[in-house]
>>> print(open('work-v3.cif').read())   # mmCIF, C-alpha atoms
data_coords
loop_
_atom_site.label_atom_id
_atom_site.label_comp_id
_atom_site.auth_asym_id
_atom_site.auth_seq_id
_atom_site.Cartn_x
_atom_site.Cartn_y
_atom_site.Cartn_z
CA MET A 1 -101.61 113.60 103.73
CA THR A 2 -99.82 110.32 104.26
CA HIS A 3 -97.16 109.69 106.86
CA ASP A 4 -94.48 109.88 104.17
CA GLU A 5 -95.72 113.20 102.89
CA ILE A 6 -95.82 114.64 106.40
CA GLU A 7 -92.36 113.28 107.14
CA GLU A 8 -91.05 115.09 104.10
CA MET A 9 -92.35 118.36 105.57
CA LEU A 10 -90.76 118.05 109.00
CA GLY A 11 -87.68 120.04 108.04
CA VAL A 12 -89.60 123.02 106.73
CA TYR A 13 -92.00 122.73 109.64
CA ALA A 14 -89.09 122.98 112.09
CA LEU A 15 -87.96 126.18 110.35
CA ASP A 16 -91.49 127.65 110.46
CA ALA A 17 -91.47 127.67 106.66
CA LEU A 18 -94.84 126.06 106.04
CA ASP A 19 -98.03 127.88 105.20
CA GLN A 20 -100.69 127.93 107.89
CA ASP A 21 -102.92 125.18 106.45
CA GLU A 22 -100.03 122.78 105.97
CA ARG A 23 -98.74 123.58 109.44
CA GLN A 24 -102.05 122.44 110.87
CA GLU A 25 -101.91 119.16 108.98
CA VAL A 26 -98.42 118.45 110.25
CA GLU A 27 -99.47 119.26 113.82
CA ASP A 28 -102.46 116.94 113.60
CA HIS A 29 -100.19 114.15 112.44
CA LEU A 30 -97.52 114.86 115.06
CA ALA A 31 -100.07 114.39 117.81
CA SER A 32 -100.33 110.73 116.92
CA CYS A 33 -96.89 109.87 115.52
CA PRO A 34 -93.98 109.42 117.93
CA ARG A 35 -91.56 108.78 115.07
CA CYS A 36 -92.26 112.14 113.48
CA ARG A 37 -92.10 113.85 116.88
CA ALA A 38 -88.62 112.40 117.40
CA GLU A 39 -87.42 113.54 113.99
CA LEU A 40 -88.87 116.97 114.55
CA ALA A 41 -87.10 117.25 117.90
CA ALA A 42 -83.77 116.67 116.14
CA HIS A 43 -84.55 119.32 113.51
CA ARG A 44 -85.55 121.73 116.26
CA GLN A 45 -82.22 121.21 118.00
CA VAL A 46 -80.37 122.23 114.86
CA ALA A 47 -82.68 125.20 114.36
CA ALA A 48 -82.08 126.29 117.95
CA LEU A 49 -78.32 126.21 117.37
CA LEU A 50 -78.78 128.36 114.29
CA GLY A 51 -80.89 130.74 116.32
CA ASN A 52 -78.70 130.92 119.39
CA PRO A 53 -76.96 134.26 119.06
CA VAL A 54 -73.27 134.47 119.78
CA GLY A 55 -70.56 136.88 118.82
CA ASP A 56 -70.61 140.48 119.87
CA GLY A 57 -71.77 139.30 123.26
CA PRO A 58 -75.11 137.70 123.76
CA ALA A 59 -77.85 140.25 123.31
CA VAL A 60 -79.28 141.47 126.57
CA ALA A 61 -83.03 141.71 126.78
CA PRO A 62 -84.10 145.07 128.10
CA GLU A 63 -85.10 145.28 131.74
CA ALA A 64 -88.15 147.27 130.65
CA VAL A 65 -89.50 144.23 128.83
CA TRP A 66 -89.37 142.21 132.03
CA ASP A 67 -91.31 144.95 133.80
CA ARG A 68 -93.97 144.78 131.11
CA ILE A 69 -94.14 141.00 131.40
CA ALA A 70 -94.35 141.08 135.20
CA SER A 71 -97.14 143.62 135.20
CA SER A 72 -99.07 141.90 132.43
CA LEU A 73 -99.15 138.67 134.44
CA GLN A 74 -101.38 140.33 136.98
CA ASP A 75 -103.85 141.36 134.33
CA GLU A 76 -104.19 137.82 133.08
CA PRO A 77 -107.27 135.87 134.04
CA PRO A 78 -106.73 133.71 137.09
CA ALA A 79 -104.17 131.07 136.33
CA LEU A 80 -105.63 127.62 136.12
CA SER A 81 -103.89 124.47 137.12
CA PRO A 82 -101.55 123.29 134.36
CA LEU A 83 -103.99 120.56 133.49
CA ALA A 84 -106.94 122.89 133.35
CA ARG A 85 -104.87 125.43 131.47
CA ARG A 86 -104.11 122.89 128.82
CA ASN A 87 -107.54 121.64 128.09
CA LEU A 88 -110.18 123.97 129.30
CA ARG A 89 -112.50 124.69 126.46
CA TRP A 90 -115.15 127.27 126.60
CA ARG A 91 -118.49 125.66 127.02
CA LEU A 92 -121.10 128.26 126.22
CA THR A 93 -123.95 126.07 125.09
CA VAL A 94 -127.18 127.33 123.60
CA PHE A 95 -128.68 127.14 127.07
CA VAL A 96 -126.48 129.88 128.40
CA PRO A 97 -128.19 133.23 128.22
CA LEU A 98 -125.50 135.00 126.26
CA GLY A 99 -127.46 138.21 126.21
CA ALA A 100 -127.66 138.17 129.96
CA VAL A 101 -123.94 137.68 130.19
CA ALA A 102 -123.34 140.60 127.87
CA ALA A 103 -125.76 142.75 129.84
CA GLY A 104 -123.97 141.73 132.99
CA VAL A 105 -120.68 142.78 131.53
CA ILE A 106 -122.10 146.15 130.57
CA LEU A 107 -123.50 146.56 134.06
CA VAL A 108 -120.16 145.67 135.56
CA VAL A 109 -118.47 148.17 133.30
CA ALA A 110 -120.89 150.85 134.47
CA LEU A 111 -120.52 149.97 138.12
CA LEU A 112 -116.81 149.71 138.08
CA ALA A 113 -115.94 152.68 135.96
CA ALA A 114 -113.96 153.97 138.90
CA LYS A 115 -112.27 150.64 139.54
CA VAL A 116 -110.85 149.78 136.18
CA GLY A 117 -108.18 147.67 137.78
CA ASP A 118 -110.77 145.18 138.96
CA LEU A 119 -112.51 144.97 135.66
CA ASN A 120 -110.67 142.10 134.13
CA GLN A 121 -111.27 139.92 137.10
CA GLN A 122 -114.92 140.81 137.23
CA VAL A 123 -115.49 140.07 133.58
CA ASN A 124 -113.53 136.92 134.00
CA SER A 125 -115.63 135.77 136.92
CA LEU A 126 -118.72 136.41 134.80
CA ARG A 127 -117.30 134.18 132.15
CA HIS A 128 -116.69 131.58 134.80
CA GLU A 129 -120.29 131.91 135.92
CA ALA A 130 -121.32 131.22 132.36
CA GLY A 131 -119.00 128.20 132.38
CA VAL A 132 -120.43 126.92 135.66
CA THR A 133 -123.94 127.39 134.33
CA SER A 134 -123.20 125.46 131.19
CA VAL A 135 -121.75 122.57 133.19
CA LEU A 136 -124.77 122.52 135.50
CA LEU A 137 -127.14 122.58 132.54
CA ASN A 138 -125.41 119.64 130.94
CA PRO A 139 -127.28 116.52 132.10
CA ALA A 140 -124.04 114.52 131.99
CA HIS A 141 -122.42 116.49 134.80
CA ARG A 142 -121.55 114.80 138.08
CA THR A 143 -121.45 116.43 141.47
CA VAL A 144 -118.80 115.70 144.09
CA GLU A 145 -119.20 117.04 147.61
CA LEU A 146 -115.99 117.81 149.44
CA THR A 147 -116.61 117.71 153.18
CA SER A 148 -114.80 117.72 156.47
CA ALA A 149 -115.28 115.18 159.22
CA ALA A 150 -114.18 117.66 161.88
CA HIS A 151 -115.95 120.82 160.75
CA ARG A 152 -119.37 120.24 159.34
CA VAL A 153 -119.67 123.75 157.97
CA TRP A 154 -116.57 123.39 155.82
CA ARG A 155 -117.51 122.12 152.40
CA ALA A 156 -117.18 122.71 148.69
CA THR A 157 -118.77 121.25 145.59
CA VAL A 158 -117.13 120.14 142.40
CA VAL A 159 -119.25 119.82 139.26
CA VAL A 160 -117.55 118.05 136.42
CA LEU A 161 -118.38 116.81 132.96
CA PRO A 162 -117.45 113.32 131.71
CA ASP A 163 -114.47 114.75 129.81
CA GLY A 164 -112.99 116.07 133.05
CA ASP A 165 -113.67 119.80 132.75
CA GLY A 166 -115.40 121.19 135.79
CA TYR A 167 -115.67 123.88 138.41
CA LEU A 168 -115.37 124.28 142.12
CA ILE A 169 -118.46 126.02 143.43
CA ASN A 170 -120.29 126.94 146.65
CA PRO A 171 -117.32 126.81 148.97
CA SER A 172 -117.84 127.27 152.64
CA MET A 173 -114.32 127.38 153.94
CA PRO A 174 -112.44 128.96 156.82
CA SER A 175 -111.03 132.40 156.10
CA LEU A 176 -107.35 132.45 155.44
CA PRO A 177 -104.63 134.90 156.39
CA SER A 178 -103.46 136.90 153.37
CA SER A 179 -100.26 134.88 153.28
CA GLN A 180 -102.15 131.72 152.34
CA THR A 181 -104.18 130.27 149.51
CA PHE A 182 -106.34 127.20 149.15
CA GLN A 183 -104.80 124.52 147.00
CA LEU A 184 -106.58 121.64 145.29
CA TRP A 185 -105.05 118.17 145.27
CA ALA A 186 -106.02 114.86 143.76
CA LEU A 187 -105.10 111.30 144.51
CA SER A 188 -104.02 109.73 141.24
CA ARG A 189 -102.60 106.21 141.03
CA GLY A 190 -101.64 106.34 144.67
CA LYS A 191 -99.88 109.69 144.39
CA VAL A 192 -101.00 113.12 145.47
CA VAL A 193 -100.83 115.63 142.63
CA SER A 194 -101.54 119.34 142.65
CA LEU A 195 -104.45 120.63 140.60
CA GLY A 196 -103.44 124.20 141.28
CA VAL A 197 -103.96 126.99 143.75
CA LEU A 198 -107.48 128.31 144.23
CA GLY A 199 -107.03 131.66 145.92
CA SER A 200 -108.69 132.56 149.18
CA GLN A 201 -112.26 132.58 147.83
CA PRO A 202 -112.37 129.62 145.49
CA SER A 203 -115.81 130.01 143.97
CA GLY A 204 -116.25 129.27 140.28
CA VAL A 205 -112.64 128.23 139.78
CA PRO A 206 -112.25 126.05 136.67
CA ILE A 207 -110.60 122.72 137.29
CA ARG A 208 -109.84 119.65 135.30
CA VAL A 209 -109.80 116.10 136.56
CA GLU A 210 -108.32 113.07 134.86
CA PRO A 211 -109.82 109.56 134.81
CA THR A 212 -107.01 108.28 137.06
CA MET A 213 -108.02 110.59 139.88
CA THR A 214 -110.03 109.06 142.71
CA LEU A 215 -110.06 111.66 145.48
CA LEU A 216 -110.09 115.46 145.60
CA MET A 217 -108.72 117.38 148.59
CA ILE A 218 -108.29 121.02 149.53
CA ASN A 219 -105.89 122.41 152.07
CA ALA A 220 -104.30 125.77 152.85
CA GLU A 221 -100.79 126.49 151.62
CA PRO A 222 -98.50 129.51 151.46
CA LEU A 223 -99.27 131.92 148.61
CA GLY A 224 -98.18 130.53 145.28
CA GLY A 225 -98.85 126.99 146.39
CA THR A 226 -96.46 124.13 147.01
CA PRO A 227 -95.45 121.07 144.98
CA VAL A 228 -96.53 118.69 147.76
CA PRO A 229 -99.06 119.24 150.54
CA THR A 230 -97.56 120.70 153.71
CA THR A 231 -100.68 121.12 155.83
CA PRO A 232 -103.63 118.88 156.74
CA VAL A 233 -106.52 118.39 154.35
CA LEU A 234 -109.50 120.63 155.14
CA VAL A 235 -112.16 119.02 152.96
CA GLN A 236 -112.16 116.03 150.67
CA GLY A 237 -114.47 113.99 148.48
CA SER A 238 -114.26 110.85 146.32
CA LEU A 239 -114.66 111.09 142.59
CA PRO A 240 -117.14 108.67 141.07
CA VAL A 241 -115.56 105.71 139.30
CA GLY A 242 -115.45 105.95 135.54
CA LEU A 243 -115.86 109.67 135.43
CA MET B 1 -120.09 137.92 141.37
CA SER B 2 -118.61 136.02 144.24
CA ALA B 3 -116.29 134.11 141.99
CA GLY B 4 -112.85 133.88 143.45
CA HIS B 5 -109.60 134.83 141.91
CA LEU B 6 -106.07 133.84 142.58
CA GLU B 7 -103.86 135.84 144.80
CA PRO B 8 -101.69 138.10 142.72
CA ARG B 9 -98.10 136.97 142.70
CA ARG B 10 -96.09 140.10 142.56
CA LEU B 11 -92.46 140.19 141.74
CA ARG B 12 -91.04 143.42 140.59
CA SER B 13 -87.47 142.57 139.79
CA PRO B 14 -85.49 139.48 138.93
CA ASP B 15 -83.31 140.39 141.92
CA GLU B 16 -86.01 138.96 144.12
CA VAL B 17 -85.44 135.43 142.85
CA GLN B 18 -85.17 132.92 145.67
CA PRO B 19 -81.60 131.62 145.98
CA GLU B 20 -82.54 128.00 145.39
CA LEU B 21 -83.87 128.88 141.95
CA LEU B 22 -80.58 130.39 140.87
CA SER B 23 -79.05 126.92 140.72
CA ALA B 24 -82.18 125.08 139.58
CA SER B 25 -82.09 123.28 136.24
CA ASP B 26 -84.17 124.72 133.42
CA ALA B 27 -86.53 121.77 133.67
CA ASN B 28 -87.11 122.45 137.36
CA LEU B 29 -87.64 126.11 136.64
CA ALA B 30 -90.32 125.17 134.11
CA LEU B 31 -91.93 123.03 136.79
CA ALA B 32 -91.82 125.91 139.26
CA ILE B 33 -93.45 128.14 136.65
CA ALA B 34 -96.25 125.61 136.29
CA ARG B 35 -96.73 126.07 140.03
CA TYR B 36 -97.06 129.80 139.67
CA ARG B 37 -93.62 130.80 140.86
CA GLU B 38 -93.14 134.14 139.19
CA ASP B 39 -89.58 134.28 140.44
CA ALA B 40 -88.92 131.12 138.41
CA LEU B 41 -90.11 132.96 135.32
CA ALA B 42 -87.81 135.82 136.27
CA GLU B 43 -84.87 133.44 136.47
CA VAL B 44 -85.69 131.90 133.09
CA TYR B 45 -85.87 135.43 131.74
CA ARG B 46 -82.47 136.23 133.17
CA ARG B 47 -80.97 133.14 131.55
CA HIS B 48 -82.59 133.12 128.14
CA ALA B 49 -84.33 136.39 127.32
CA GLY B 50 -81.14 137.80 125.81
CA ALA B 51 -80.95 134.98 123.29
CA VAL B 52 -84.65 135.25 122.51
CA PHE B 53 -84.33 138.98 122.02
CA GLY B 54 -81.24 138.57 119.86
CA LEU B 55 -82.93 136.12 117.53
CA ALA B 56 -86.09 138.21 117.25
CA ARG B 57 -84.14 141.39 116.53
CA ARG B 58 -82.03 139.64 113.94
CA LEU B 59 -85.13 138.44 112.13
CA LEU B 60 -87.19 141.58 112.45
CA HIS B 61 -84.51 144.29 112.29
CA ASP B 62 -86.66 146.24 114.67
CA ARG B 63 -86.03 146.67 118.34
CA ALA B 64 -89.60 147.40 119.40
CA ALA B 65 -90.99 144.49 117.40
CA ALA B 66 -88.35 142.20 118.88
CA GLU B 67 -89.26 143.30 122.40
CA GLU B 68 -92.86 142.43 121.66
CA VAL B 69 -91.79 138.93 120.63
CA VAL B 70 -89.86 138.53 123.89
CA GLN B 71 -92.90 139.58 125.86
CA GLU B 72 -95.18 137.20 123.97
CA VAL B 73 -92.80 134.27 124.38
CA PHE B 74 -92.44 134.68 128.13
CA VAL B 75 -96.10 135.39 128.82
CA ARG B 76 -96.90 132.27 126.85
CA LEU B 77 -94.44 130.26 128.89
CA TRP B 78 -96.23 131.50 132.00
CA ASN B 79 -99.68 130.67 130.65
CA ALA B 80 -98.83 127.32 129.10
CA PRO B 81 -95.70 125.98 130.79
CA ASP B 82 -96.69 122.42 129.99
CA ARG B 83 -96.08 123.04 126.30
CA PHE B 84 -92.38 122.83 127.05
CA ASP B 85 -91.40 119.16 127.12
CA PRO B 86 -87.95 118.68 128.68
CA GLU B 87 -87.66 115.30 126.98
CA ARG B 88 -87.69 116.98 123.58
CA GLY B 89 -84.96 119.53 124.07
CA THR B 90 -83.72 122.33 126.23
CA LEU B 91 -85.78 125.18 127.50
CA ARG B 92 -83.63 127.56 125.50
CA SER B 93 -84.27 125.75 122.25
CA TYR B 94 -87.97 125.70 123.06
CA LEU B 95 -87.97 129.44 123.70
CA LEU B 96 -85.96 130.14 120.56
CA ALA B 97 -88.37 128.04 118.52
CA GLN B 98 -91.28 130.00 119.96
CA ALA B 99 -89.55 133.28 119.23
CA HIS B 100 -88.73 132.23 115.70
CA GLY B 101 -92.35 131.27 115.07
CA ARG B 102 -93.68 134.55 116.43
CA ALA B 103 -91.12 136.63 114.57
CA VAL B 104 -91.80 134.85 111.31
CA ASP B 105 -95.52 135.40 111.75
CA GLN B 106 -94.81 139.11 112.06
CA LEU B 107 -92.57 139.05 109.00
CA ARG B 108 -95.38 137.47 107.06
CA SER B 109 -97.95 139.99 108.11
CA GLU B 110 -99.32 141.75 105.07
CA GLU B 111 -97.57 145.05 105.51
CA ALA B 112 -94.19 143.55 106.28
CA ARG B 113 -94.49 141.22 103.33
CA ARG B 114 -95.33 144.03 100.97
CA ARG B 115 -92.32 146.09 102.06
CA ARG B 116 -89.98 143.16 101.79
CA GLU B 117 -91.20 142.14 98.38
CA GLU B 118 -90.73 145.66 97.12
CA ARG B 119 -87.19 145.73 98.46
CA GLU B 120 -86.36 142.33 97.02
CA ALA B 121 -87.81 143.25 93.65
CA ARG B 122 -85.69 146.38 93.65
CA GLU B 123 -82.56 144.48 94.56
CA THR B 124 -83.22 141.78 92.02
CA ALA B 125 -83.58 144.47 89.36
CA LEU B 126 -80.27 145.94 90.47
CA GLY B 127 -78.30 142.87 89.59
CA GLY B 128 -79.39 139.70 91.19
CA TYR B 129 -80.69 138.65 94.52
CA ASP B 130 -77.74 138.78 96.83
CA LEU B 131 -78.38 136.05 99.31
CA GLU B 132 -74.81 135.99 100.48
CA ARG B 133 -75.04 139.59 101.55
CA GLU B 134 -78.47 139.12 103.10
CA VAL B 135 -77.31 136.40 105.42
CA GLY B 136 -73.71 137.53 105.60
CA ASP B 137 -74.09 139.37 108.88
CA ILE B 138 -75.61 136.41 110.65
CA ILE B 139 -73.69 135.50 113.70
CA VAL B 140 -73.78 131.90 114.73
CA ALA B 141 -71.31 129.98 116.82
CA ASP B 142 -68.20 129.06 114.86
CA HIS B 143 -68.78 125.34 114.92
CA VAL B 144 -72.39 125.78 113.78
CA ARG B 145 -71.27 128.12 111.02
CA GLU B 146 -68.69 125.57 109.95
CA VAL B 147 -71.22 122.80 109.77
CA LEU B 148 -73.68 125.02 107.94
CA GLY B 149 -70.94 126.11 105.56
CA ALA B 150 -70.00 122.51 104.86
CA LEU B 151 -73.44 121.72 103.51
CA PRO B 152 -73.87 121.59 99.75
CA ASP B 153 -75.15 124.98 98.56
CA THR B 154 -78.32 123.29 97.39
CA GLU B 155 -79.14 122.51 101.02
CA ARG B 156 -77.56 125.47 102.77
CA ARG B 157 -79.29 128.20 100.81
CA PRO B 158 -82.85 127.04 101.35
CA ILE B 159 -82.16 126.59 105.07
CA GLU B 160 -80.76 130.09 105.34
CA LEU B 161 -83.56 131.66 103.34
CA ALA B 162 -86.18 129.92 105.42
CA TYR B 163 -84.67 130.24 108.86
CA PHE B 164 -82.90 133.58 108.77
CA LEU B 165 -85.13 135.47 106.39
CA GLY B 166 -88.40 133.82 107.35
CA HIS B 167 -89.43 132.74 103.86
CA THR B 168 -91.90 129.90 103.38
CA TYR B 169 -90.55 126.97 101.41
CA ARG B 170 -92.77 128.02 98.51
CA GLU B 171 -91.13 131.43 98.50
CA VAL B 172 -87.73 129.79 98.77
CA ALA B 173 -88.56 127.62 95.76
CA ALA B 174 -89.56 130.70 93.77
CA LEU B 175 -86.44 132.61 94.81
CA LEU B 176 -84.14 129.77 93.85
CA GLY B 177 -86.10 128.65 90.82
CA GLU B 178 -86.39 125.13 92.17
CA PRO B 179 -89.43 122.86 92.45
CA GLU B 180 -91.17 123.10 95.83
CA GLY B 181 -90.81 119.40 96.55
CA THR B 182 -87.07 119.62 95.96
CA VAL B 183 -86.72 122.49 98.39
CA LYS B 184 -88.67 120.57 101.01
CA SER B 185 -86.50 117.51 100.87
CA ARG B 186 -83.25 119.48 100.66
CA ILE B 187 -84.11 121.40 103.80
CA ARG B 188 -84.87 118.16 105.55
CA SER B 189 -81.75 116.38 104.40
CA GLY B 190 -79.63 119.44 105.21
CA LEU B 191 -80.94 119.56 108.76
CA LYS B 192 -80.32 115.84 109.15
CA ARG B 193 -76.78 116.23 107.87
CA MET B 194 -76.13 119.10 110.28
CA HIS B 195 -77.54 117.14 113.18
CA ALA B 196 -75.27 114.22 112.42
CA GLN B 197 -72.23 116.47 112.02
CA LEU B 198 -72.90 118.41 115.20
CA SER B 199 -73.43 115.19 117.13
CA VAL B 200 -70.22 113.69 115.77
CA SER B 201 -68.24 116.80 116.62
CA GLY B 202 -69.22 116.14 120.22
CA LEU B 203 -71.35 119.21 120.54
CA ASP B 204 -73.76 118.89 123.39
CA MET B 205 -76.97 119.06 121.43
CA ARG B 206 -78.84 119.56 124.64
CA GLY B 207 -76.40 122.28 125.66
CA GLU B 208 -77.75 124.31 128.53
CA GLN B 209 -74.93 126.80 128.46
CA LEU B 210 -76.13 130.15 129.61
#
>>> encode(input="work-v3.cif", output="structure tokens")
Amino acid sequence: MTHDEIEEMLGVYALDALDQDERQEVEDHLASCPRCRAELAAHRQVAALLGNPVGDGPAVAPEAVWDRIASSLQDEPPALSPLARRNLRWRLTVFVPLGAVAAGVILVVALLAAKVGDLNQQVNSLRHEAGVTSVLLNPAHRTVELTSAAHRVWRATVVVLPDGDGYLINPSMPSLPSSQTFQLWALSRGKVVSLGVLGSQPSGVPIRVEPTMTLLMINAEPLGGTPVPTTPVLVQGSLPVGL
Amino acid sequence: MSAGHLEPRRLRSPDEVQPELLSASDANLALAIARYREDALAEVYRRHAGAVFGLARRLLHDRAAAEEVVQEVFVRLWNAPDRFDPERGTLRSYLLAQAHGRAVDQLRSEEARRRREEREARETALGGYDLEREVGDIIVADHVREVLGALPDTERRPIELAYFLGHTYREVAALLGEPEGTVKSRIRSGLKRMHAQLSVSGLDMRGEQL
């Protein structure tokens, strides 16, 4: 479809009144057209006003729904950093022994029948193992060692593909009190940005690096992480140029 | 099997929200959510879940289905907070757009569609499709209603059929007996006209009112 044809659809798109296939076409175009994005934003504002309930008092969402949301968050796979969450694609190449993964899952199911609560995390870590394996099997992957000048035993490895998707593996890090988590940081254009919290045992955690990033660092922060680093860096390593 | 996982972030009740978040802007709350602050999600829920629920219930006429939409919308905000772009509008309008999309998807599910078509066929047989009655109980703010009401019928009706009843523009065209292309451009021009009117009338289009 041409720009003009897409433009003509922005109103119905804003009202969710397109069929699925047309919706996709509009979305593809929006990704590359600031003018259409701006027009759509205006349509969305009007739609939101139409949808904003008033009169007999604003509806109150039931407390029970919040409880469901709050408990479902803990069943989600580990949260990734916002960057990783946006772009992480599953990378099960033909090299990955899918059958073995499936068998592993079955084994885990059998072993953990009594610990159903752990199951999601276990299955998830298996998937991450498959992801790590696929990165390692890809000849284009690069390896970055994060080390500490003060403590030789502290280290971690980042394996990353040219498009920026990667994993943190083989950590050898100090143990943390339960009130703390490791957090991953990057130096990007002279600024330190958070790549997300890693938990206390950050093995196989998916990460995503951007081309502007030159240095990776890990430190310990209070649970939940912080917007800016508040404690010294534990390990760090430079990213290769042109990654 | 040594793969790590993130520490669970437990927060049982929105009452546990940290005081500084209570006065945070929506944009900062979204940022805090991206940093895994569950209490920030709780605060966003406190501010906007009522509106999200209200819209979903109005579209779906079903409390349980509307609750499901609320849950989906907020879990999605947690999982993909970066999809909200504060430059493009308020958090509330983003959440309402998400809710509308989810609710409309439900309306268009096969079963729901079949029931609705049966009902509409019955009503049409009984003396004409009564759009006015269908959308008559819609409650929008007075000034928005005024601006909507001031549109030419040819623009207002397709907007109402699409937005409030969740019809696709093709369905709208069939219902109104108009060509599809005409419906498309009338919806677009109607929305533009409303935007201009609402801006002129000094309405804060970014309004963050709770």
>>> resolve_selection(input="work-v3.cif", expression="the PyMOL selection byres ((chain B and resi 103) around 8)", output="PyMOL selection string")
chain B and resi 56+59-60+66+69+99-102+104-107
>>> write_last_selection(input="work-v3.cif", atoms="C-alpha atoms", output="PDB file, in the frame of the given file")
ATOM      1  CA  ALA B  56     -86.090 138.210 117.250  1.00  0.00           C
ATOM      2  CA  LEU B  59     -85.130 138.440 112.130  1.00  0.00           C
ATOM      3  CA  LEU B  60     -87.190 141.580 112.450  1.00  0.00           C
ATOM      4  CA  ALA B  66     -88.350 142.200 118.880  1.00  0.00           C
ATOM      5  CA  VAL B  69     -91.790 138.930 120.630  1.00  0.00           C
ATOM      6  CA  ALA B  99     -89.550 133.280 119.230  1.00  0.00           C
ATOM      7  CA  HIS B 100     -88.730 132.230 115.700  1.00  0.00           C
ATOM      8  CA  GLY B 101     -92.350 131.270 115.070  1.00  0.00           C
ATOM      9  CA  ARG B 102     -93.680 134.550 116.430  1.00  0.00           C
ATOM     10  CA  VAL B 104     -91.800 134.850 111.310  1.00  0.00           C
ATOM     11  CA  ASP B 105     -95.520 135.400 111.750  1.00  0.00           C
ATOM     12  CA  GLN B 106     -94.810 139.110 112.060  1.00  0.00           C
ATOM     13  CA  LEU B 107     -92.570 139.050 109.000  1.00  0.00           C
TER      14      LEU B 107
END
>>> resolve_selection(input="work-v3.cif", expression="the PyMOL selection byres ((chain A and resi 43) around 8)", output="number ranges by chain")
A: 10-11, 14, 39-42, 44-47; B: 191-192, 195
>>> write_last_selection(input="work-v3.cif", atoms="C-alpha atoms", output="PDB file, keeping the file's coordinate frame")
ATOM      1  CA  LEU A  10     -90.760 118.050 109.000  1.00  0.00           C
ATOM      2  CA  GLY A  11     -87.680 120.040 108.040  1.00  0.00           C
ATOM      3  CA  ALA A  14     -89.090 122.980 112.090  1.00  0.00           C
ATOM      4  CA  GLU A  39     -87.420 113.540 113.990  1.00  0.00           C
ATOM      5  CA  LEU A  40     -88.870 116.970 114.550  1.00  0.00           C
ATOM      6  CA  ALA A  41     -87.100 117.250 117.900  1.00  0.00           C
ATOM      7  CA  ALA A  42     -83.770 116.670 116.140  1.00  0.00           C
ATOM      8  CA  ARG A  44     -85.550 121.730 116.260  1.00  0.00           C
ATOM      9  CA  GLN A  45     -82.220 121.210 118.000  1.00  0.00           C
ATOM     10  CA  VAL A  46     -80.370 122.230 114.860  1.00  0.00           C
ATOM     11  CA  ALA A  47     -82.680 125.200 114.360  1.00  0.00           C
TER      12      ALA A  47
ATOM     13  CA  LEU B 191     -80.940 119.560 108.760  1.00  0.00           C
ATOM     14  CA  LYS B 192     -80.320 115.840 109.150  1.00  0.00           C
ATOM     15  CA  HIS B 195     -77.540 117.140 113.180  1.00  0.00           C
TER      16      HIS B 195
END
>>> atom_distance(input="work-v3.cif", atom1="CA of Tyr45 (chain B)", atom2="CA of Tyr13 (chain A)")
26.2 Å
>>> residues_around(input="work-v3.cif", residues="Gly237 (chain A)", least_positions_apart="6", cutoff="10 Å", atoms="all atoms listed in the file", output="VMD selection string")
chain A and resid 144 to 148 155 to 158 186 214 to 218
>>> residues_around(input="work-v3.cif", residues="Glu221 (chain A)", least_positions_apart="5", cutoff="12 Å", atoms="all atoms listed in the file", output="number ranges by chain")
A: 176-185, 194, 196-200, 226-234; B: 7
>>> write_last_selection(input="work-v3.cif", atoms="C-alpha atoms", output="PDB file, in the coordinates of the input")
ATOM      1  CA  LEU A 176    -107.350 132.450 155.440  1.00  0.00           C
ATOM      2  CA  PRO A 177    -104.630 134.900 156.390  1.00  0.00           C
ATOM      3  CA  SER A 178    -103.460 136.900 153.370  1.00  0.00           C
ATOM      4  CA  SER A 179    -100.260 134.880 153.280  1.00  0.00           C
ATOM      5  CA  GLN A 180    -102.150 131.720 152.340  1.00  0.00           C
ATOM      6  CA  THR A 181    -104.180 130.270 149.510  1.00  0.00           C
ATOM      7  CA  PHE A 182    -106.340 127.200 149.150  1.00  0.00           C
ATOM      8  CA  GLN A 183    -104.800 124.520 147.000  1.00  0.00           C
ATOM      9  CA  LEU A 184    -106.580 121.640 145.290  1.00  0.00           C
ATOM     10  CA  TRP A 185    -105.050 118.170 145.270  1.00  0.00           C
ATOM     11  CA  SER A 194    -101.540 119.340 142.650  1.00  0.00           C
ATOM     12  CA  GLY A 196    -103.440 124.200 141.280  1.00  0.00           C
ATOM     13  CA  VAL A 197    -103.960 126.990 143.750  1.00  0.00           C
ATOM     14  CA  LEU A 198    -107.480 128.310 144.230  1.00  0.00           C
ATOM     15  CA  GLY A 199    -107.030 131.660 145.920  1.00  0.00           C
ATOM     16  CA  SER A 200    -108.690 132.560 149.180  1.00  0.00           C
ATOM     17  CA  THR A 226     -96.460 124.130 147.010  1.00  0.00           C
ATOM     18  CA  PRO A 227     -95.450 121.070 144.980  1.00  0.00           C
ATOM     19  CA  VAL A 228     -96.530 118.690 147.760  1.00  0.00           C
ATOM     20  CA  PRO A 229     -99.060 119.240 150.540  1.00  0.00           C
ATOM     21  CA  THR A 230     -97.560 120.700 153.710  1.00  0.00           C
ATOM     22  CA  THR A 231    -100.680 121.120 155.830  1.00  0.00           C
ATOM     23  CA  PRO A 232    -103.630 118.880 156.740  1.00  0.00           C
ATOM     24  CA  VAL A 233    -106.520 118.390 154.350  1.00  0.00           C
ATOM     25  CA  LEU A 234    -109.500 120.630 155.140  1.00  0.00           C
TER      26      LEU A 234
ATOM     27  CA  GLU B   7    -103.860 135.840 144.800  1.00  0.00           C
TER      28      GLU B   7
END
